[in-house]
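The structure appears below as structure tokens.
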Amino acid sequence: MALAEQPAAQENPLAEGLLLRRSPDPCTLVIFGASGDLAHKKLMPALYALALRRLLPPRFAIVGVARTEGDDDAYRADMRSAVQQHARDPFREDVWEELAASLHYVPTEFDNAGGEDRLHDLLGRLDEERGLGGNRVFYLAVPPPVFSTIVEALGKRRDGRGWTRLIVEKPFGHDLESARALTARLCEYFAEEEIFRIDHYLGKETVQNMLALRFSNGIFEPIWNRQFIDHVQITVAESIGIEGRAGYYENAGAIRDIFQNHLLQLLALTAMEPPIDFTPESVRNEKVKVLRALHTPSPRSVVRGQYGRGFVEGVEVSAYREEAHVAADSMTETYVAAKLYVDNWRWADTPFYVRMGKRLARRETTIAIQFKRAPHSPFEETAAEGLRPNVLLVHVQPDEGVSLAIGAKVPGQGMAIRTVHMDFLYGGAFRTSMPEAYERLVLDTMLGDSTLFTRGDEVEEQWLLVDAIVAAWQRDRPGFPNYAAGTWGPPSADDLMHRDGRSWRRH
Ligand code: NDP
Ligand code: BG6
């Protein structure tokens with residue numbers, strides 16, 4: 001069936017969770033870095049999932065650009081096996097054939113004028129043949145040093161036909177200065193509304209559910225503040241190591257890889273004021289206020305770590321310094337924990353404890369809102385021995401859902417109170433597999449909706465905080481490695497909590 005003849009998304013049972021407000025305009029998606037890891041593991045599987053659910057524009061083309069030699073047929077074969085390997089849905093020949101027919105490949109260096117000519121000739125031809133109206137999404141899935149070259153080449157050839165949107169992958173700069181320089185470079189040719197900075201955590205269902213939970217339920221917002229909340233804990237734990245990405249990770253470390261973007265975005269969504277509507281500007285205006293209100297932590301309030309050898313899920317793994325292409329005396333951190341404060345009326349004096357790391361005991365991203373204890377207990381002390389404070393726990397991944405810890409009477413004579421959990425699990429409630437973040441983000445870009453992308457001023461605030469932390473780190477040299485792979489990080493991270501009479505949530 002031709003894509004144009006397929007039923008609208010609203011009539012399509014597979015389009016669960018991605019119900020469209022409207023169909024995207026006809027357009028061409030150009031993927032720079034089409035032969036890379038991201039294109040194989042995330043982008044093409046996401047496009048296949050969208051095709052399967054008939055959520056792509058009715059008239060559409062994809063053009064892959066990279067240096068690897070090849071032609072359309074070779075690229076289609078390569079992407080077919082990428083989809084078979086990495087898609088979340090079963091492989092359907094008819095869906096793939098339809099998508100493959102819209103797939104093209106241009107092999108070239110990015111700073112090669114001949115290659116640019118071939119790309120633009122192809123784009124013009126596809127516009128003519130398929131009626132794509134000159135609408136373009138350019139996806140920069142390439143190493144950051146190449147961003148600037150591509151942006152200039154694209155910018156110089158803008159012809160004013162159709163709309164243009166530019167997706168920029170992370171990392172967005174290495175520090176505040178380089179992020180500002182990159183924004184300035186992009187803005188030479190593109191307007192801020194045309195720039196879509198990816199933070200794929202914002203595309204995760206459960207991260208968006210934080211907004212639904214807070215702002216579509218009347219019961220949470222009145223208690224979502226310093227009066228009722230004791231503290232917040234945000235954990236981004238990974239059991240994987242650096243997966244062969246030493247070249248990137250040695251220069252980034254956990255602070256630039258996760259803290260600067262995913263972690264701070266989770267914090268901003270947790271702490272932000274209710275936006276007046278769900279438009280890009282309203283949501284991002286509120287997030288940036290939180291980022292601006294973040295107080296630079298004292299060196300005592302930040303802990304860094306690096307993993308040594310250990311066992312993860314029963315398998316022995318190497319130390320970070322033993323990973324391929326990592327320096328034997330590397331001082332790159334693979335773990336960060338910090339106590340942060342949001343200096344505003346809602347959150348003053350309420351700590352946000354955050355931690356993130358590689359090679360931890362297991363994969364888990366959670367946001368735990370820990371409420372204050374009841375001000376007075378009418379029960380005998382022994383009755384409530386097993387009672388912990390109320391916690392609202394958002395499971396971002398895995399086991400996506402929300403759980404509320406409450407006190408309940410233990411059945412039987414007398415009065416004994418214990419903590420129990422009221423659980424909402426996505427899998428149980430909606431009986432559907434979760435869309436991958438990239439599905440949502442690629443589709444939103446085609447729709448021109450930048451709500452789930454990071455605006456330039458947010459990125460700058462994020463770097464401001466990170467630069468201050470990194471500057472303070474120059475003054476000392478911790479004894480790395482300081483945690484064994486497969487544990488929950490260095491002991492000093494526990495001390496950070498114990499000093500405040502608190503502890504990390506139990507696992
Ligand atoms: P890879 O190294 O796997 O792929 C890079 C791609 O860019 C390849 O297609 C490569 O082409 C192409 N490329 C690089 N330099 C040039 C050049 N001078 N001219 C033409 N093509 C070039 O990287 P990833 O796919 O892993 O990452 C891409 C981007 O996505 C990076 O910014 C990364 O930080 C970001 N990212 C990646 C994630 C992932 O899971 N992989 C996760 C989050 C972000 P060729 O190989 O054909 O030479
Ligand atoms: C990427 C980081 O942005 O996010 C990786 O560069 C990390 O180091 C990954 O592993 C985690 O993403 P997810 O979706 O698996 O939690």
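Chain labels follow the order of the structure tokens: the first chain is A, the next B, and so on; residue numbering restarts at 1 in every chain, and ligands are counted from 1 in their shown order.
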- Produce as a VMD selection string the set of residues near ligand 2, where near means within 10 Å with only C-alpha atoms and all ligand atoms considered. chain A and resid 169 to 171 198 to 201 203 to 204 236 to 243 245 248 to 249 252 to 254 256 to 259 261 to 262 334 357 to 358 363 to 365 396 to 398 436 to 438
Requested write-out: C-alpha atoms of the selected residues, as a PDB file, in the first residue's frame:
```
ATOM      1  CA  GLU A 169      22.839  15.904  18.387  1.00  0.00           C
ATOM      2  CA  LYS A 170      24.544  16.103  21.724  1.00  0.00           C
ATOM      3  CA  PRO A 171      27.025  17.069  22.995  1.00  0.00           C
ATOM      4  CA  ILE A 198      18.381  16.868  21.046  1.00  0.00           C
ATOM      5  CA  ASP A 199      18.267  15.655  24.605  1.00  0.00           C
ATOM      6  CA  HIS A 200      16.766  12.251  24.015  1.00  0.00           C
ATOM      7  CA  TYR A 201      15.621  11.944  27.642  1.00  0.00           C
ATOM      8  CA  GLY A 203      11.538  12.101  24.270  1.00  0.00           C
ATOM      9  CA  LYS A 204      11.087   9.331  26.842  1.00  0.00           C
ATOM     10  CA  VAL A 236      20.608   7.890  36.421  1.00  0.00           C
ATOM     11  CA  ALA A 237      22.400   4.577  36.905  1.00  0.00           C
ATOM     12  CA  GLU A 238      23.803   2.499  34.070  1.00  0.00           C
ATOM     13  CA  SER A 239      25.269  -0.975  34.296  1.00  0.00           C
ATOM     14  CA  ILE A 240      27.017  -0.621  30.932  1.00  0.00           C
ATOM     15  CA  GLY A 241      30.490   0.849  30.578  1.00  0.00           C
ATOM     16  CA  ILE A 242      31.608   3.204  27.833  1.00  0.00           C
ATOM     17  CA  GLU A 243      30.833   0.765  25.010  1.00  0.00           C
ATOM     18  CA  ARG A 245      33.355   5.283  23.011  1.00  0.00           C
ATOM     19  CA  TYR A 248      34.418  10.790  23.235  1.00  0.00           C
ATOM     20  CA  TYR A 249      34.092   9.777  26.879  1.00  0.00           C
ATOM     21  CA  ALA A 252      33.401  14.261  28.379  1.00  0.00           C
ATOM     22  CA  GLY A 253      33.193  12.196  31.559  1.00  0.00           C
ATOM     23  CA  ALA A 254      29.949  11.658  33.434  1.00  0.00           C
ATOM     24  CA  ARG A 256      29.308  16.311  30.416  1.00  0.00           C
ATOM     25  CA  ASP A 257      27.805  13.052  29.190  1.00  0.00           C
ATOM     26  CA  ILE A 258      24.803  12.817  31.528  1.00  0.00           C
ATOM     27  CA  PHE A 259      24.809  15.508  34.225  1.00  0.00           C
ATOM     28  CA  ASN A 261      22.011  17.403  29.842  1.00  0.00           C
ATOM     29  CA  HIS A 262      19.796  14.444  30.841  1.00  0.00           C
ATOM     30  CA  THR A 334      32.478   7.864  35.399  1.00  0.00           C
ATOM     31  CA  GLY A 357      27.288   6.694  36.793  1.00  0.00           C
ATOM     32  CA  LYS A 358      28.502   3.914  34.553  1.00  0.00           C
ATOM     33  CA  ARG A 363      20.292   0.166  35.025  1.00  0.00           C
ATOM     34  CA  GLU A 364      17.851   2.434  36.742  1.00  0.00           C
ATOM     35  CA  THR A 365      16.628   5.982  36.196  1.00  0.00           C
ATOM     36  CA  VAL A 396      11.788   6.544  34.211  1.00  0.00           C
ATOM     37  CA  GLN A 397      13.334   3.226  33.164  1.00  0.00           C
ATOM     38  CA  PRO A 398      13.172   0.262  33.212  1.00  0.00           C
ATOM     39  CA  GLU A 436      11.487   4.957  21.664  1.00  0.00           C
ATOM     40  CA  ALA A 437      12.439   8.554  22.411  1.00  0.00           C
ATOM     41  CA  TYR A 438      13.769   9.098  18.894  1.00  0.00           C
TER      42      TYR A 438
END
```
- Task: Residues within 6 Å of ligand 1, counting only C-alpha atoms and all ligand atoms: report them as a list in words.
- Result: Gly33, Ala34, Ser35, Gly36, Asp37, Leu38, Ala39, Ala66, Arg67, Thr68, Thr108, Glu109, Phe110, Ala141, Val142, Pro143, Pro144, Glu169, Lys170 and Pro171 of chain A
- Message: Give me, as a PyMOL selection string, all polymer residues having an atom no more than 7 Å from Gln370 in chain A, counting only C-alpha atoms and skipping those fewer than 4 positions away in the same chain.
- Response: chain A and resi 229-232+389-392
Requested write-out: N, CA and C atoms of the selected residues, as a PDB file, in the first residue's frame:
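Saved the output as part35.pdb:
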```pdb
ATOM      1  N   ILE A 229       7.792  18.660  50.971  1.00  0.00           N
ATOM      2  CA  ILE A 229       8.820  17.752  50.437  1.00  0.00           C
ATOM      3  C   ILE A 229      10.118  17.916  51.234  1.00  0.00           C
ATOM      4  N   ASP A 230      10.642  16.794  51.717  1.00  0.00           N
ATOM      5  CA  ASP A 230      11.886  16.832  52.487  1.00  0.00           C
ATOM      6  C   ASP A 230      13.078  16.996  51.556  1.00  0.00           C
ATOM      7  N   HIS A 231      13.105  16.161  50.524  1.00  0.00           N
ATOM      8  CA  HIS A 231      14.171  16.274  49.530  1.00  0.00           C
ATOM      9  C   HIS A 231      13.784  15.461  48.295  1.00  0.00           C
ATOM     10  N   VAL A 232      14.564  15.645  47.242  1.00  0.00           N
ATOM     11  CA  VAL A 232      14.335  14.913  45.984  1.00  0.00           C
ATOM     12  C   VAL A 232      15.618  14.148  45.663  1.00  0.00           C
ATOM     13  N   PRO A 389       9.018   7.516  55.449  1.00  0.00           N
ATOM     14  CA  PRO A 389       8.260   8.665  54.942  1.00  0.00           C
ATOM     15  C   PRO A 389       7.638   8.355  53.576  1.00  0.00           C
ATOM     16  N   ASN A 390       6.583   9.074  53.222  1.00  0.00           N
ATOM     17  CA  ASN A 390       5.968   8.873  51.902  1.00  0.00           C
ATOM     18  C   ASN A 390       6.959   9.247  50.806  1.00  0.00           C
ATOM     19  N   VAL A 391       7.006   8.408  49.783  1.00  0.00           N
ATOM     20  CA  VAL A 391       7.864   8.706  48.626  1.00  0.00           C
ATOM     21  C   VAL A 391       7.044   8.497  47.367  1.00  0.00           C
ATOM     22  N   LEU A 392       7.085   9.488  46.491  1.00  0.00           N
ATOM     23  CA  LEU A 392       6.499   9.299  45.159  1.00  0.00           C
ATOM     24  C   LEU A 392       7.671   8.991  44.237  1.00  0.00           C
TER      25      LEU A 392
END
```
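Every residue of range 36-181 of chain A found in strand (DSSP E) when DSSP is run on the backbone appears here: A:Phe60, A:Ala61, A:Ile62, A:Val63, A:Gly64, A:Val65, A:Ala66, A:Leu103, A:His104, A:Tyr105, A:Val106, A:Pro107, A:Arg136, A:Val137, A:Phe138, A:Tyr139, A:Leu140, A:Thr164, A:Arg165, A:Leu166, A:Ile167, A:Val168.
Counting only C-alpha atoms and comparing A:Gly160, A:Pro299, A:Asp121, A:Arg505, the residue that lies closest to Ala471 in chain A is A:Pro299.
Atom to atom, CA of Pro45 in chain A and CA of Arg88 in chain A stand 7.5 Å apart.
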- Query: Near range 76-82 of chain A, counting only C-alpha atoms, which residues have an atom at most 8 Å away, once you skip same-chain residues fewer than 6 positions from it, shown as number ranges by chain?
  - Reply: A: 40-41, 44-45, 96, 100, 103-104
Dump as a compact mmCIF listing (two decimals), in the first residue's frame, selection limited to N, CA and C atoms:
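Writing done, so here's out22.txt:
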```txt
# COMPACT_ATOMS: atom_id res chain seq x y z
N HIS A 40 22.19 3.62 12.77
CA HIS A 40 21.85 2.19 12.76
C HIS A 40 20.95 1.80 13.92
N LYS A 41 21.36 2.23 15.13
CA LYS A 41 20.68 1.70 16.32
C LYS A 41 19.42 2.46 16.70
N MET A 44 17.15 4.81 12.23
CA MET A 44 16.40 4.03 11.24
C MET A 44 15.34 3.16 11.92
N PRO A 45 15.65 2.52 13.07
CA PRO A 45 14.57 1.81 13.76
C PRO A 45 13.41 2.73 14.16
N TRP A 96 8.72 -2.34 5.34
CA TRP A 96 10.10 -2.02 5.00
C TRP A 96 10.23 -1.62 3.52
N ALA A 100 11.86 1.67 2.33
CA ALA A 100 13.12 1.58 1.57
C ALA A 100 13.02 2.34 0.25
N LEU A 103 14.28 5.78 0.44
CA LEU A 103 15.62 5.90 1.02
C LEU A 103 16.70 6.09 -0.05
N HIS A 104 17.55 7.09 0.14
CA HIS A 104 18.63 7.35 -0.83
C HIS A 104 19.93 7.59 -0.07
```
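Checking A:Glu98, A:Glu322, A:Asp159, A:Glu458 one by one against His120 in chain A, counting only C-alpha atoms, you find the shortest gap at A:Asp159.
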